[in-house]
file data_31.tsv (TSV, N, CA and C atoms)
chain	number	residue	atom	x	y	z
J	1	MET	N	0.86	-1.17	0.00
J	1	MET	CA	0.00	0.00	0.00
J	1	MET	C	0.90	1.23	0.00
J	2	SER	N	0.54	2.22	-0.79
J	2	SER	CA	1.37	3.41	-0.89
J	2	SER	C	1.36	4.18	0.43
J	3	GLU	N	2.43	4.93	0.63
J	3	GLU	CA	2.56	5.70	1.87
J	3	GLU	C	1.43	6.73	1.97
J	4	ARG	N	1.04	7.28	0.81
J	4	ARG	CA	-0.03	8.28	0.80
J	4	ARG	C	-1.32	7.67	1.32
J	5	LEU	N	-1.65	6.47	0.82
J	5	LEU	CA	-2.88	5.82	1.29
J	5	LEU	C	-2.75	5.37	2.73
J	6	GLN	N	-1.55	4.94	3.10
J	6	GLN	CA	-1.35	4.46	4.46
J	6	GLN	C	-1.51	5.59	5.47
J	7	ASN	N	-0.99	6.76	5.14
J	7	ASN	CA	-1.03	7.90	6.06
J	7	ASN	C	-2.29	8.74	5.90
J	8	ALA	N	-3.07	8.47	4.87
J	8	ALA	CA	-4.23	9.31	4.58
J	8	ALA	C	-5.24	9.38	5.73
J	9	PRO	N	-5.59	8.27	6.38
J	9	PRO	CA	-6.57	8.40	7.47
J	9	PRO	C	-6.11	9.34	8.58
J	10	MET	N	-4.83	9.25	8.96
J	10	MET	CA	-4.33	10.12	10.02
J	10	MET	C	-4.26	11.57	9.55
J	11	LYS	N	-3.85	11.78	8.30
J	11	LYS	CA	-3.80	13.14	7.78
J	11	LYS	C	-5.20	13.73	7.71
J	12	ALA	N	-6.16	12.91	7.29
J	12	ALA	CA	-7.55	13.39	7.22
J	12	ALA	C	-8.06	13.72	8.61
J	13	LEU	N	-7.73	12.88	9.57
J	13	LEU	CA	-8.17	13.13	10.95
J	13	LEU	C	-7.51	14.40	11.50
J	14	ASP	N	-6.20	14.56	11.28
J	14	ASP	CA	-5.51	15.78	11.73
J	14	ASP	C	-6.13	17.02	11.11
J	15	TYR	N	-6.38	16.95	9.81
J	15	TYR	CA	-6.97	18.08	9.11
J	15	TYR	C	-8.36	18.39	9.68
J	16	TRP	N	-9.15	17.34	9.86
J	16	TRP	CA	-10.50	17.52	10.38
J	16	TRP	C	-10.46	18.15	11.77
J	17	VAL	N	-9.57	17.66	12.63
J	17	VAL	CA	-9.48	18.19	14.00
J	17	VAL	C	-9.06	19.66	13.95
J	18	ASP	N	-8.05	19.98	13.14
J	18	ASP	CA	-7.61	21.38	13.03
J	18	ASP	C	-8.75	22.29	12.58
J	19	CYS	N	-9.41	21.89	11.49
J	19	CYS	CA	-10.50	22.72	10.97
J	19	CYS	C	-11.65	22.80	11.96
J	20	SER	N	-11.98	21.68	12.54
J	20	SER	CA	-13.11	21.62	13.47
J	20	SER	C	-12.86	22.51	14.68
J	21	VAL	N	-11.69	22.40	15.26
J	21	VAL	CA	-11.37	23.21	16.44
J	21	VAL	C	-11.39	24.69	16.08
J	22	ARG	N	-10.81	25.03	14.93
J	22	ARG	CA	-10.77	26.43	14.51
J	22	ARG	C	-12.18	26.97	14.28
J	23	GLU	N	-13.00	26.17	13.57
J	23	GLU	CA	-14.36	26.63	13.27
J	23	GLU	C	-15.21	26.72	14.53
J	24	ILE	N	-15.07	25.76	15.41
J	24	ILE	CA	-15.85	25.78	16.66
J	24	ILE	C	-15.38	26.93	17.55
J	25	TRP	N	-14.08	27.15	17.59
J	25	TRP	CA	-13.52	28.24	18.40
J	25	TRP	C	-14.04	29.59	17.92
J	26	ASN	N	-14.20	29.71	16.60
J	26	ASN	CA	-14.66	30.98	16.02
J	26	ASN	C	-16.18	31.12	16.04
J	27	ALA	N	-16.90	30.11	16.49
J	27	ALA	CA	-18.37	30.18	16.53
J	27	ALA	C	-18.80	31.28	17.51
J	28	HIS	N	-19.93	31.90	17.19
J	28	HIS	CA	-20.42	33.02	17.99
J	28	HIS	C	-21.25	32.57	19.19
J	29	SER	N	-21.73	31.34	19.13
J	29	SER	CA	-22.56	30.87	20.25
J	29	SER	C	-22.38	29.36	20.40
J	30	GLU	N	-22.89	28.85	21.51
J	30	GLU	CA	-22.81	27.41	21.73
J	30	GLU	C	-23.61	26.67	20.65
J	31	ARG	N	-24.74	27.24	20.28
J	31	ARG	CA	-25.57	26.61	19.24
J	31	ARG	C	-24.81	26.56	17.91
J	32	ASP	N	-24.17	27.68	17.55
J	32	ASP	CA	-23.36	27.70	16.32
J	32	ASP	C	-22.22	26.68	16.40
J	33	ALA	N	-21.61	26.58	17.56
J	33	ALA	CA	-20.51	25.62	17.74
J	33	ALA	C	-21.01	24.19	17.57
J	34	ARG	N	-22.17	23.88	18.15
J	34	ARG	CA	-22.74	22.52	18.01
J	34	ARG	C	-23.11	22.23	16.55
J	35	MET	N	-23.70	23.22	15.89
J	35	MET	CA	-24.05	23.04	14.47
J	35	MET	C	-22.78	22.82	13.64
J	36	GLN	N	-21.75	23.60	13.95
J	36	GLN	CA	-20.49	23.46	13.22
J	36	GLN	C	-19.87	22.09	13.48
J	37	LEU	N	-19.94	21.63	14.72
J	37	LEU	CA	-19.41	20.32	15.07
J	37	LEU	C	-20.16	19.21	14.32
J	38	ASP	N	-21.49	19.31	14.29
J	38	ASP	CA	-22.28	18.32	13.54
J	38	ASP	C	-21.92	18.33	12.06
J	39	GLU	N	-21.79	19.53	11.52
J	39	GLU	CA	-21.41	19.65	10.10
J	39	GLU	C	-20.03	19.04	9.86
J	40	ASN	N	-19.11	19.29	10.78
J	40	ASN	CA	-17.75	18.75	10.63
J	40	ASN	C	-17.75	17.22	10.72
J	41	TYR	N	-18.54	16.67	11.64
J	41	TYR	CA	-18.65	15.21	11.73
J	41	TYR	C	-19.18	14.64	10.42
J	42	HIS	N	-20.21	15.29	9.89
J	42	HIS	CA	-20.80	14.82	8.63
J	42	HIS	C	-19.76	14.88	7.51
J	43	ARG	N	-19.02	15.98	7.42
J	43	ARG	CA	-18.00	16.13	6.39
J	43	ARG	C	-16.90	15.09	6.56
J	44	TYR	N	-16.47	14.87	7.81
J	44	TYR	CA	-15.42	13.88	8.05
J	44	TYR	C	-15.91	12.47	7.68
J	45	ASP	N	-17.15	12.15	8.04
J	45	ASP	CA	-17.70	10.84	7.66
J	45	ASP	C	-17.70	10.67	6.15
J	46	HIS	N	-18.09	11.72	5.44
J	46	HIS	CA	-18.11	11.67	3.98
J	46	HIS	C	-16.70	11.47	3.43
J	47	GLU	N	-15.72	12.22	3.95
J	47	GLU	CA	-14.33	12.09	3.50
J	47	GLU	C	-13.77	10.71	3.85
J	48	ALA	N	-14.10	10.22	5.04
J	48	ALA	CA	-13.62	8.90	5.45
J	48	ALA	C	-14.21	7.81	4.56
J	49	LEU	N	-15.47	7.94	4.21
J	49	LEU	CA	-16.12	6.97	3.34
J	49	LEU	C	-15.49	7.00	1.94
J	50	ALA	N	-15.23	8.18	1.43
J	50	ALA	CA	-14.59	8.31	0.11
J	50	ALA	C	-13.19	7.69	0.14
J	51	LEU	N	-12.47	7.95	1.21
J	51	LEU	CA	-11.13	7.39	1.35
J	51	LEU	C	-11.19	5.86	1.46
J	52	GLN	N	-12.16	5.35	2.20
J	52	GLN	CA	-12.32	3.90	2.33
J	52	GLN	C	-12.64	3.27	0.97
J	53	ARG	N	-13.47	3.94	0.18
J	53	ARG	CA	-13.77	3.44	-1.17
J	53	ARG	C	-12.51	3.39	-2.02
J	54	GLU	N	-11.68	4.44	-1.91
J	54	GLU	CA	-10.43	4.47	-2.67
J	54	GLU	C	-9.52	3.33	-2.24
J	55	VAL	N	-9.40	3.11	-0.94
J	55	VAL	CA	-8.56	2.03	-0.42
J	55	VAL	C	-9.10	0.68	-0.89
J	56	ASP	N	-10.42	0.50	-0.82
J	56	ASP	CA	-11.04	-0.76	-1.27
J	56	ASP	C	-10.77	-1.00	-2.75
J	57	ALA	N	-10.89	0.05	-3.55
J	57	ALA	CA	-10.64	-0.08	-4.99
J	57	ALA	C	-9.18	-0.46	-5.24
J	58	LYS	N	-8.27	0.17	-4.50
J	58	LYS	CA	-6.84	-0.17	-4.65
J	58	LYS	C	-6.60	-1.62	-4.24
J	59	ASN	N	-7.25	-2.06	-3.16
J	59	ASN	CA	-7.08	-3.45	-2.71
J	59	ASN	C	-7.59	-4.43	-3.75
J	60	VAL	N	-8.73	-4.11	-4.38
J	60	VAL	CA	-9.25	-4.98	-5.44
J	60	VAL	C	-8.24	-5.05	-6.58
J	61	HIS	N	-7.71	-3.89	-6.97
J	61	HIS	CA	-6.72	-3.85	-8.04
J	61	HIS	C	-5.48	-4.66	-7.66
J	62	LEU	N	-5.00	-4.48	-6.43
J	62	LEU	CA	-3.82	-5.23	-5.98
J	62	LEU	C	-4.10	-6.73	-5.95
J	63	ASN	N	-5.27	-7.13	-5.50
J	63	ASN	CA	-5.62	-8.56	-5.47
J	63	ASN	C	-5.66	-9.15	-6.88
J	64	GLU	N	-6.24	-8.40	-7.83
J	64	GLU	CA	-6.27	-8.87	-9.22
J	64	GLU	C	-4.86	-8.99	-9.78
J	65	TYR	N	-4.02	-8.01	-9.48
J	65	TYR	CA	-2.64	-8.03	-9.96
J	65	TYR	C	-1.88	-9.20	-9.35
J	66	GLU	N	-2.08	-9.44	-8.05
J	66	GLU	CA	-1.43	-10.56	-7.38
J	66	GLU	C	-1.88	-11.89	-7.99
J	67	GLU	N	-3.17	-12.00	-8.28
J	67	GLU	CA	-3.69	-13.22	-8.91
J	67	GLU	C	-3.06	-13.43	-10.28
J	68	HIS	N	-2.95	-12.33	-11.04
J	68	HIS	CA	-2.31	-12.39	-12.36
J	68	HIS	C	-0.85	-12.84	-12.23
J	69	LEU	N	-0.14	-12.28	-11.27
J	69	LEU	CA	1.26	-12.66	-11.06
J	69	LEU	C	1.38	-14.12	-10.66
J	70	ASN	N	0.47	-14.59	-9.80
J	70	ASN	CA	0.51	-15.99	-9.39
J	70	ASN	C	0.26	-16.93	-10.57
J	71	LEU	N	-0.69	-16.57	-11.44
J	71	LEU	CA	-0.95	-17.38	-12.63
J	71	LEU	C	0.26	-17.38	-13.55
J	72	ASP	N	0.87	-16.20	-13.71
J	72	ASP	CA	2.06	-16.09	-14.55
J	72	ASP	C	3.20	-16.93	-13.98
J	73	LEU	N	3.37	-16.87	-12.67
J	73	LEU	CA	4.41	-17.66	-12.01
J	73	LEU	C	4.15	-19.15	-12.19
J	74	GLN	N	2.90	-19.55	-12.07
J	74	GLN	CA	2.54	-20.95	-12.24
J	74	GLN	C	2.87	-21.41	-13.67
J	75	ARG	N	2.55	-20.59	-14.67
J	75	ARG	CA	2.87	-20.92	-16.06
J	75	ARG	C	4.38	-21.03	-16.25
J	76	GLN	N	5.13	-20.10	-15.67
J	76	GLN	CA	6.58	-20.13	-15.80
J	76	GLN	C	7.15	-21.38	-15.14
J	77	ARG	N	6.60	-21.78	-14.01
J	77	ARG	CA	7.06	-23.00	-13.36
J	77	ARG	C	6.78	-24.22	-14.23
J	78	GLN	N	5.63	-24.23	-14.90
J	78	GLN	CA	5.31	-25.34	-15.80
J	78	GLN	C	6.31	-25.41	-16.95
J	79	VAL	N	6.65	-24.24	-17.51
J	79	VAL	CA	7.61	-24.20	-18.61
J	79	VAL	C	8.97	-24.68	-18.13
J	80	VAL	N	9.39	-24.21	-16.96
J	80	VAL	CA	10.68	-24.64	-16.40
J	80	VAL	C	10.68	-26.15	-16.17
J	81	SER	N	9.59	-26.66	-15.64
J	81	SER	CA	9.47	-28.10	-15.39
J	81	SER	C	9.58	-28.88	-16.70
J	82	GLN	N	8.93	-28.36	-17.74
J	82	GLN	CA	9.00	-29.02	-19.05
J	82	GLN	C	10.44	-29.01	-19.58
J	83	TYR	N	11.12	-27.87	-19.46
J	83	TYR	CA	12.51	-27.80	-19.91
J	83	TYR	C	13.40	-28.74	-19.10
J	84	GLU	N	13.15	-28.84	-17.81
J	84	GLU	CA	13.93	-29.77	-16.98
J	84	GLU	C	13.70	-31.21	-17.42
J	85	ASP	N	12.45	-31.56	-17.75
J	85	ASP	CA	12.15	-32.90	-18.26
J	85	ASP	C	12.89	-33.16	-19.57
J	86	TRP	N	12.87	-32.18	-20.46
J	86	TRP	CA	13.59	-32.33	-21.73
J	86	TRP	C	15.09	-32.49	-21.48
J	87	LEU	N	15.62	-31.70	-20.57
J	87	LEU	CA	17.04	-31.78	-20.26
J	87	LEU	C	17.40	-33.16	-19.72
J	88	ARG	N	16.59	-33.71	-18.83
J	88	ARG	CA	16.84	-35.06	-18.31
J	88	ARG	C	16.80	-36.09	-19.44
J	89	ALA	N	15.82	-35.96	-20.32
J	89	ALA	CA	15.72	-36.89	-21.45
J	89	ALA	C	16.94	-36.78	-22.36
J	90	LEU	N	17.40	-35.55	-22.60
J	90	LEU	CA	18.59	-35.35	-23.43
J	90	LEU	C	19.84	-35.93	-22.76
J	91	ARG	N	19.93	-35.82	-21.45
J	91	ARG	CA	21.08	-36.40	-20.74
J	91	ARG	C	21.07	-37.92	-20.85
J	92	VAL	N	19.88	-38.51	-20.70
J	92	VAL	CA	19.78	-39.97	-20.84
J	92	VAL	C	20.19	-40.38	-22.25
J	93	GLU	N	19.66	-39.66	-23.23
J	93	GLU	CA	20.01	-39.96	-24.62
J	93	GLU	C	21.50	-39.76	-24.87
J	94	ASN	N	22.05	-38.70	-24.30
J	94	ASN	CA	23.48	-38.42	-24.45
J	94	ASN	C	24.30	-39.54	-23.82
J	95	ASN	N	23.90	-40.00	-22.64
J	95	ASN	CA	24.62	-41.10	-21.98
J	95	ASN	C	24.56	-42.37	-22.83
J	96	GLU	N	23.39	-42.66	-23.40
J	96	GLU	CA	23.25	-43.84	-24.25
J	96	GLU	C	24.15	-43.73	-25.48
J	97	LEU	N	24.14	-42.54	-26.11
J	97	LEU	CA	24.98	-42.34	-27.30
J	97	LEU	C	26.46	-42.42	-26.94
J	98	THR	N	26.83	-41.87	-25.78
J	98	THR	CA	28.23	-41.93	-25.34
J	98	THR	C	28.64	-43.38	-25.13
J	99	THR	N	27.77	-44.16	-24.51
J	99	THR	CA	28.06	-45.58	-24.29
J	99	THR	C	28.20	-46.31	-25.63
J	100	GLN	N	27.31	-46.06	-26.56
J	100	GLN	CA	27.39	-46.69	-27.88
J	100	GLN	C	28.68	-46.29	-28.59
J	101	LEU	N	29.06	-45.02	-28.46
J	101	LEU	CA	30.30	-44.54	-29.08
J	101	LEU	C	31.50	-45.25	-28.49
J	102	LYS	N	31.54	-45.39	-27.17
J	102	LYS	CA	32.66	-46.07	-26.52
J	102	LYS	C	32.73	-47.53	-26.97
J	103	LEU	N	31.58	-48.17	-27.05
J	103	LEU	CA	31.56	-49.57	-27.51
J	103	LEU	C	32.05	-49.67	-28.96
J	104	ALA	N	31.62	-48.74	-29.80
J	104	ALA	CA	32.06	-48.74	-31.20
J	104	ALA	C	33.56	-48.50	-31.28
J	105	GLN	N	34.08	-47.59	-30.46
J	105	GLN	CA	35.52	-47.32	-30.46
J	105	GLN	C	36.30	-48.54	-29.99
J	106	GLN	N	35.78	-49.22	-28.97
J	106	GLN	CA	36.45	-50.43	-28.49
J	106	GLN	C	36.47	-51.50	-29.58
J	107	ARG	N	35.39	-51.66	-30.32
J	107	ARG	CA	35.35	-52.64	-31.41
J	107	ARG	C	36.32	-52.25	-32.51
J	108	MET	N	36.46	-50.94	-32.72
J	108	MET	CA	37.35	-50.49	-33.77
J	108	MET	C	38.81	-50.75	-33.37
J	109	TYR	N	39.15	-50.47	-32.10
J	109	TYR	CA	40.53	-50.64	-31.65
J	109	TYR	C	40.84	-52.09	-31.28
J	110	PHE	N	39.83	-52.77	-30.83
J	110	PHE	CA	40.03	-54.16	-30.42
J	110	PHE	C	39.05	-55.06	-31.18
J	111	PRO	N	39.29	-55.23	-32.47
J	111	PRO	CA	38.35	-56.06	-33.23
J	111	PRO	C	38.41	-57.52	-32.76
J	112	ARG	N	37.32	-58.22	-32.90
J	112	ARG	CA	37.30	-59.64	-32.54
J	112	ARG	C	38.10	-60.43	-33.55
J	113	GLN	N	38.72	-61.41	-33.05
J	113	GLN	CA	39.58	-62.17	-33.94
J	113	GLN	C	39.01	-63.47	-34.34
call {"tool": "encode", "arguments": {"input": "data_31.tsv", "output": "structure tokens"}}
result
Amino acid sequence: MSERLQNAPMKALDYWVDCSVREIWNAHSERDARMQLDENYHRYDHEALALQREVDAKNVHLNEYEEHLNLDLQRQRQVVSQYEDWLRALRVENNELTTQLKLAQQRMYFPRQ
């Protein structure tokens, strides 16, 4: 998760507290202060909900990307496994051919009499 998204809830809360305190402090009456506080709570709830939606959307995107990477990794492992199988088969074939070559060389140097 990006640092901006990680720190966003605290930054939003700090901002809300600063604005709320300033607006309530500047209110002309207790009623105005209460109304301002209610308005600030409503605004903060709205901002928090928007931020939560953004975080949820990012999480969905990250989960899809992780799933894509896992599928890609699985395909790459299958390809590697196939190449390893081919390599083993080639080694077996190479060993057989090497053995046949040695036998042929022995017959050439030591023919039967």
call {"tool": "atom_distance", "arguments": {"input": "data_31.tsv", "atom1": "atom N of J:Asp45", "atom2": "atom C of J:Asn63"}}
result
28.4 Å
call {"tool": "atom_distance", "arguments": {"input": "data_31.tsv", "atom1": "atom CA of J:Asp72", "atom2": "atom CA of J:Asp85"}}
result
20.0 Å
call {"tool": "axis_aligned_box", "arguments": {"input": "data_31.tsv", "around": "stretch 83-89 of chain J", "padding_each_side": "3 Å", "output": "AutoDock Vina command-line options"}}
result
--center_x 14.3 --center_y -32.3 --center_z -19.7 --size_x 12.3 --size_y 15.1 --size_z 11.4
call {"tool": "decode", "arguments": {"input": "data_31.tsv", "residues": "stretch 34-113 of chain J", "atoms": "C-alpha atoms", "output": "compact mmCIF listing (two decimals), in the first residue's frame"}}
result
# COMPACT_ATOMS: atom_id res chain seq x y z
CA ARG J 34 -22.74 22.52 18.01
CA MET J 35 -24.05 23.04 14.47
CA GLN J 36 -20.49 23.46 13.22
CA LEU J 37 -19.41 20.32 15.07
CA ASP J 38 -22.28 18.32 13.54
CA GLU J 39 -21.41 19.65 10.10
CA ASN J 40 -17.75 18.75 10.63
CA TYR J 41 -18.65 15.21 11.73
CA HIS J 42 -20.80 14.82 8.63
CA ARG J 43 -18.00 16.13 6.39
CA TYR J 44 -15.42 13.88 8.05
CA ASP J 45 -17.70 10.84 7.66
CA HIS J 46 -18.11 11.67 3.98
CA GLU J 47 -14.33 12.09 3.50
CA ALA J 48 -13.62 8.90 5.45
CA LEU J 49 -16.12 6.97 3.34
CA ALA J 50 -14.59 8.31 0.11
CA LEU J 51 -11.13 7.39 1.35
CA GLN J 52 -12.32 3.90 2.33
CA ARG J 53 -13.77 3.44 -1.17
CA GLU J 54 -10.43 4.47 -2.67
CA VAL J 55 -8.56 2.03 -0.42
CA ASP J 56 -11.04 -0.76 -1.27
CA ALA J 57 -10.64 -0.08 -4.99
CA LYS J 58 -6.84 -0.17 -4.65
CA ASN J 59 -7.08 -3.45 -2.71
CA VAL J 60 -9.25 -4.98 -5.44
CA HIS J 61 -6.72 -3.85 -8.04
CA LEU J 62 -3.82 -5.23 -5.98
CA ASN J 63 -5.62 -8.56 -5.47
CA GLU J 64 -6.27 -8.87 -9.22
CA TYR J 65 -2.64 -8.03 -9.96
CA GLU J 66 -1.43 -10.56 -7.38
CA GLU J 67 -3.69 -13.22 -8.91
CA HIS J 68 -2.31 -12.39 -12.36
CA LEU J 69 1.26 -12.66 -11.06
CA ASN J 70 0.51 -15.99 -9.39
CA LEU J 71 -0.95 -17.38 -12.63
CA ASP J 72 2.06 -16.09 -14.55
CA LEU J 73 4.41 -17.66 -12.01
CA GLN J 74 2.54 -20.95 -12.24
CA ARG J 75 2.87 -20.92 -16.06
CA GLN J 76 6.58 -20.13 -15.80
CA ARG J 77 7.06 -23.00 -13.36
CA GLN J 78 5.31 -25.34 -15.80
CA VAL J 79 7.61 -24.20 -18.61
CA VAL J 80 10.68 -24.64 -16.40
CA SER J 81 9.47 -28.10 -15.39
CA GLN J 82 9.00 -29.02 -19.05
CA TYR J 83 12.51 -27.80 -19.91
CA GLU J 84 13.93 -29.77 -16.98
CA ASP J 85 12.15 -32.90 -18.26
CA TRP J 86 13.59 -32.33 -21.73
CA LEU J 87 17.04 -31.78 -20.26
CA ARG J 88 16.84 -35.06 -18.31
CA ALA J 89 15.72 -36.89 -21.45
CA LEU J 90 18.59 -35.35 -23.43
CA ARG J 91 21.08 -36.40 -20.74
CA VAL J 92 19.78 -39.97 -20.84
CA GLU J 93 20.01 -39.96 -24.62
CA ASN J 94 23.48 -38.42 -24.45
CA ASN J 95 24.62 -41.10 -21.98
CA GLU J 96 23.25 -43.84 -24.25
CA LEU J 97 24.98 -42.34 -27.30
CA THR J 98 28.23 -41.93 -25.34
CA THR J 99 28.06 -45.58 -24.29
CA GLN J 100 27.39 -46.69 -27.88
CA LEU J 101 30.30 -44.54 -29.08
CA LYS J 102 32.66 -46.07 -26.52
CA LEU J 103 31.56 -49.57 -27.51
CA ALA J 104 32.06 -48.74 -31.20
CA GLN J 105 35.52 -47.32 -30.46
CA GLN J 106 36.45 -50.43 -28.49
CA ARG J 107 35.35 -52.64 -31.41
CA MET J 108 37.35 -50.49 -33.77
CA TYR J 109 40.53 -50.64 -31.65
CA PHE J 110 40.03 -54.16 -30.42
CA PRO J 111 38.35 -56.06 -33.23
CA ARG J 112 37.30 -59.64 -32.54
CA GLN J 113 39.58 -62.17 -33.94
